[in-house]
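Quick notes on the structure that follows.
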There are 2 protein chains.
Amino acid sequence: MNIEIVTIGDELLLGFTIDTNAAHLARELAALGVRIVRRATCGDDADAIAAAVREALERTGAVITTGGLGPTADDMTKPAIGSIFGRGMVLDPDILVALEARWLKRFGHELPASNRQQAMVPERATILANRHGSAPGIWLEDDRQRWVAMLPGVPREMRGMLADTLIPQLRERLPVGGSVVRSKTLRTANIAESALADKLGDLARGVDGLSLAYLPGNDGVDLRLTSHGRPARDTEQRLTAAAQRVREKVGRFIYGEGDDDLAALMLAECAARNATIAVAESCTGGLLGMRLTAVPGSSRVVQGGTIAYANAVKVRELGVAQSDLDAHGAVSEPVARAMATGARLRFGTTIGIGITGIAGPDGGTPEKPVGTVWVAVDMDGEVHAVRAVLPGDRSEIRYRAAQLALDRLRRAFEHDVDATGWTARG
Amino acid sequence: MNIEIVTIGDELLLGFTIDTNAAHLARELAALGVRIVRRATCGDDADAIAAAVREALERTGAVITTGGLGPTADDMTKPAIGSIFGRGMVLDPDILVALEARWLKRFGHELPASNRQQAMVPERATILANRHGSAPGIWLEDDRQRWVAMLPGVPREMRGMLADTLIPQLRERLPVGGSVVRSKTLRTANIAESALADKLGDLARGVDGLSLAYLPGNDGVDLRLTSHGRPARDTEQRLTAAAQRVREKVGRFIYGEGDDDLAALMLAECAARNATIAVAESCTGGLLGMRLTAVPGSSRVVQGGTIAYANAVKVRELGVAQSDLDAHGAVSEPVARAMATGARLRFGTTIGIGITGIAGPDGGTPEKPVGTVWVAVDMDGEVHAVRAVLPGDRSEIRYRAAQLALDRLRRAFEHDVDATGWTARG
């Protein structure tokens, strides 16, 4: 089943609201095996709504809209789409009764006249109940089984109606054993998109119903494998086999799947080993501590840390040797190592992590360009350090430096600490 | 000028990525007086891209696309749109040279073969420089002045190219004296949306061409005033007058305008007063230090800090009295005060900031529910503390606690430290 989505609202079109409904709809429908072929957004304008929905309907015969069902004057989705089907507007007594009851219960007074219009629906419409708000959804269908489902724009109401009503309804319409979509995301750190592409090429090329997407972000590059086809079993098997091939080629760079968070994984690993962590942060200024303590229950593992932004603090609080600062500079291997060990000893933990680097925009030199960071992990006195030249702006460099530190901790746990991937460059 | 936007990418269509580019583009273009009449999203499919862009081009003759300019095989925007204009693909030697130089400089090795395709462009294309990434933008125009501007999908690159290149180019094409949209955002902290609404009501009601929007976020509630009409001068004056009225009513809660960052404002204030800062963080775990050091040049002000997650660390590193911990608990006024003073003394700064709280999801009690935080600011030995019960989930509570601490510093500078607004509740 191919479907198009039309999201309606001046706020969306003008960019004052970011359209999260479209993404949610897309994910839910893809999981059903429904294919979204296009999405459109138009403003609160009857002609624009009618035009966008009519064109979508001509292409796919199946359209879901969000927005424009509320009580305000600029909500005109129902009449606009009704006109496409040649349906006039009529008052639905059931909706009116429900609205009036809701208002009395909720606000202790009668339904304002401006809200009565919420009870107006196109002729021969199917009402989609809204347990989460006052504006019901509408299903319109013509004698050629072409249909439009109108959902509210308020995300909570839209999501509720989608789950309660629309998805069950769509399931009934899907061919038995129909095409489904399955996807799996493998999360990599410490390697560049281009290096991954060189190793993986396009695994999916030539494999029917399989696609591989490279999704670079601050956590690293996510590899999204998507498999679609029928029956579901073959689709699953194709996905599993592809994931296996990816792991064979770049497994050492993969730290997790789906939306795994490297900090949470490392905390769980530490907890399992009764390990504790202290951090010593210079260029990240607390970002690593923030990420670790963002995880509920992290207090079992994280004792604390020192934000050593000034060099004097590195010396006084962490025992970094002034001679190392003078000889090698603050962004250097001996300083990173001393920071990691200093944190471990000062806070009496089993693990110390040190980060020092040049986040920019200033402070770069030919030998140490902006993005240069040294990260060290001290595990029970065994210290590993790595240098990286991280891409991006100041905030990206800082975030990536913390992610690199977490990835080095992962590597230390896996006894795989030789510098590899893009962080080894330069 | 009417424009349509086409955003390209399976990730957008499948909902794995939320389309923030479209919103940013819309806001920037609306400010120019350009009217966006429709937005479409299609996947990484050459036919789908060509169809969506062709239809948009037929309606408006002016289209901006984002995405699909990268090095991977699924990036096919350029050839697809080139085909609409009947243009083949050619290698642009300038882009290739720039790409190669960029890679050598950045990664110290040669351009991977997979990245060469970024130098392929449609015939007779105008190149839009990309200072923020490797994929340049493309401007294609036919002899009827119908044009398509192709921007990258990476938000930072798209925004940079829009500001550097596309907006200046569009300005030249706009009619003089047309209707314009101007907006101004006033940023508040430390007061709830409902409290603001009680004080402001709808300032804009009954004022033609003026609107006021409440935009709550983790930084606080932003007040967005939008004025539209012609001529530009009257539109500006309407906006200025409205902003003045807002400041008269809720000025003490306003810390900045536009995208002002409270941390950056406080660092500038400290620098102007030769003040230095040290932080002591418990529930925020480094988030405040991270925010302060996110600002370039912050090393002039920020000396360092202690992440005191464990109580033993609070006592040993910051001189918190064990008796206070026993008598009042870690989330209490005396502990927050001792943390602020301990940080100031330990790091030898003029200002110390202490944060202790219950970020949840566990650890709440009837007297100290999840969200309870105590924040203290020690300025040259004068200590102010405030309690708040912050809404939201763990990450929101942590972020808001840091924002509250920064706002208390602002209040301390302004000698306006009595607790007001929502943070005083509970």
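If you're wondering about the labels, chains in the structure tokens are A, B, ... by order shown, residues count from 1 in each chain, ligands from 1 in order shown.
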
For this session: Write down, as a list in words, each residue of chain A that has any atom within 6 Å of an atom of chain B, counting only C-alpha atoms.
Result: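 Interface list for chain A against chain B: Leu14, Gly15, Ile18, Ala23, Ala26, Arg27, Arg38, Arg39, Ala40, Thr41, Cys42, Gly285, Gly286, Leu287, Gly289, Met290, Thr293, Gln303, Gly304, Gly305, Thr306, Ile307, Ala308, Tyr309, Ala310 and Gly426 of chain A.
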
Exercise. Looking only at the backbone, which of the residues in region 218-326 of chain B does DSSP tag as helix (DSSP H, G or I), as number ranges by chain?
Worked result: B: 232-253, 262-272, 287-293, 298-300, 311-318, 322-326

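Here chain A was fitted onto chain B over its full set of C-alpha atoms, and the resulting RMSD is 4.6 Å.
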
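Residues with any atom within 6 Å of Gly371 (chain A), counting only C-alpha atoms and excluding same-chain neighbours fewer than 5 positions away, are Ile358, Ala359, Val389, Leu390 and Ile397 of chain A.
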
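For the atom pair formed by CA of Ile254 (chain B) and CA of Thr276 (chain B), the distance is 23.7 Å, given to one decimal.
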
Exercise. Quick one: DSSP strand (DSSP E or B) residues in region 230-262 of chain B, as a list of chain:residue names?
Worked result: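 Answer for region 230-262 of chain B, restricted to strand (DSSP E or B): B:Ile254, B:Tyr255, B:Gly256, B:Glu257.
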
If we count only C-alpha atoms and set the cut-off at 8 Å, which residues sit around Gly354 (chain A), ignoring sequence neighbours fewer than 4 positions away in its own chain? Please answer as a short mmCIF file (atom, residue, chain, number, x, y, z; two decimals) with all heavy atoms, in the first residue's frame.
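Okay, this is what ended up in out34.cif:
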data_model
loop_
_atom_site.label_atom_id
_atom_site.label_comp_id
_atom_site.auth_asym_id
_atom_site.auth_seq_id
_atom_site.Cartn_x
_atom_site.Cartn_y
_atom_site.Cartn_z
N VAL A 279 36.25 11.47 36.22
CA VAL A 279 36.66 12.12 34.98
C VAL A 279 37.51 13.35 35.27
O VAL A 279 37.38 13.97 36.33
CB VAL A 279 35.43 12.54 34.13
CG1 VAL A 279 34.61 11.32 33.74
CG2 VAL A 279 34.57 13.55 34.89
N ALA A 280 38.39 13.67 34.32
CA ALA A 280 39.18 14.90 34.37
C ALA A 280 39.04 15.56 33.00
O ALA A 280 39.51 15.02 32.00
CB ALA A 280 40.64 14.59 34.68
N GLU A 281 38.32 16.68 32.96
CA GLU A 281 37.96 17.27 31.68
C GLU A 281 38.54 18.67 31.51
O GLU A 281 38.38 19.52 32.36
CB GLU A 281 36.44 17.36 31.55
CG GLU A 281 35.72 16.05 31.77
CD GLU A 281 34.25 16.15 31.39
OE1 GLU A 281 33.96 16.56 30.25
OE2 GLU A 281 33.40 15.84 32.25
N ALA A 336 47.35 14.22 29.09
CA ALA A 336 46.11 13.42 29.10
C ALA A 336 46.27 12.23 30.05
O ALA A 336 45.37 11.94 30.86
CB ALA A 336 45.77 12.95 27.69
N ARG A 337 47.43 11.57 29.98
CA ARG A 337 47.66 10.42 30.86
C ARG A 337 47.66 10.83 32.33
O ARG A 337 47.02 10.19 33.18
CB ARG A 337 49.01 9.77 30.51
CG ARG A 337 49.00 8.99 29.21
CD ARG A 337 50.40 8.49 28.85
NE ARG A 337 50.35 7.55 27.73
CZ ARG A 337 50.23 6.22 27.88
NH1 ARG A 337 50.14 5.70 29.09
NH2 ARG A 337 50.17 5.43 26.82
N ALA A 338 48.33 11.94 32.63
CA ALA A 338 48.39 12.40 34.03
C ALA A 338 47.00 12.79 34.53
O ALA A 338 46.65 12.55 35.69
CB ALA A 338 49.35 13.58 34.15
N MET A 339 46.18 13.37 33.64
CA MET A 339 44.82 13.75 34.04
C MET A 339 44.00 12.51 34.39
O MET A 339 43.30 12.47 35.40
CB MET A 339 44.14 14.55 32.92
CG MET A 339 44.68 15.97 32.73
SD MET A 339 44.00 16.78 31.25
CE MET A 339 42.28 17.01 31.77
N ALA A 340 44.11 11.48 33.54
CA ALA A 340 43.34 10.26 33.78
C ALA A 340 43.75 9.61 35.10
O ALA A 340 42.91 9.25 35.93
CB ALA A 340 43.54 9.28 32.62
N THR A 341 45.07 9.51 35.29
CA THR A 341 45.56 8.89 36.53
C THR A 341 45.25 9.77 37.74
O THR A 341 44.83 9.28 38.79
CB THR A 341 47.08 8.65 36.42
OG1 THR A 341 47.31 7.78 35.31
CG2 THR A 341 47.62 8.02 37.69
N ALA A 343 42.72 11.77 38.14
CA ALA A 343 41.31 11.64 38.49
C ALA A 343 41.06 10.33 39.23
O ALA A 343 40.36 10.29 40.25
CB ALA A 343 40.45 11.71 37.22
N VAL A 375 42.98 11.80 24.47
CA VAL A 375 42.10 11.14 25.42
C VAL A 375 42.86 9.99 26.06
O VAL A 375 43.56 9.25 25.36
CB VAL A 375 40.84 10.59 24.71
CG1 VAL A 375 40.12 9.59 25.59
CG2 VAL A 375 39.91 11.74 24.33
N ALA A 376 42.79 9.89 27.38
CA ALA A 376 43.47 8.78 28.07
C ALA A 376 42.50 8.08 29.01
O ALA A 376 41.65 8.72 29.62
CB ALA A 376 44.67 9.31 28.85
N VAL A 377 42.62 6.76 29.07
CA VAL A 377 41.84 5.94 29.99
C VAL A 377 42.80 5.20 30.91
O VAL A 377 43.69 4.50 30.43
CB VAL A 377 40.95 4.93 29.23
CG1 VAL A 377 40.25 3.99 30.21
CG2 VAL A 377 39.92 5.67 28.37
N ALA A 405 36.22 9.39 24.11
CA ALA A 405 36.68 8.89 25.41
C ALA A 405 35.86 7.67 25.82
O ALA A 405 36.42 6.66 26.29
CB ALA A 405 36.56 10.01 26.46
#

Problem set entry | Interatomic distance, CA of Glu333 (chain A) to CA of Thr349 (chain B) (Å, one decimal) |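 Interatomic distance here is 28.4 Å.
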
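Proximity ranking of B:Thr350, B:Thr188, B:Thr235, B:Thr60 relative to Pro216 (chain B) places B:Thr188 first, based on only C-alpha atoms.
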
Seminar exercise, completed: Atom pair CA of Gly61 (chain B) + CA of Glu123 (chain B), distance 19.4 Å

For this session: Find the residues around Ala243 (chain B) up to 9 Å (only C-alpha atoms counted), leave out those fewer than 6 positions away in its own chain, and share them as a list in words.
Result: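 Near neighbours after the sequence-gap exclusion: Lys184, Thr185, Leu186 and Leu225 of chain B.
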
Output the selection as a tab-separated table (two decimals), in the first residue's frame - N, CA and C atoms for each residue.
chain	number	residue	atom	x	y	z
B	184	LYS	N	10.70	39.40	16.50
B	184	LYS	CA	11.67	39.59	17.57
B	184	LYS	C	11.32	38.62	18.68
B	185	THR	N	12.34	37.96	19.21
B	185	THR	CA	12.11	37.01	20.30
B	185	THR	C	12.75	37.55	21.57
B	186	LEU	N	11.96	37.63	22.64
B	186	LEU	CA	12.47	38.02	23.95
B	186	LEU	C	12.54	36.76	24.80
B	225	LEU	N	7.41	37.89	19.06
B	225	LEU	CA	6.54	38.90	18.46
B	225	LEU	C	6.77	38.89	16.96
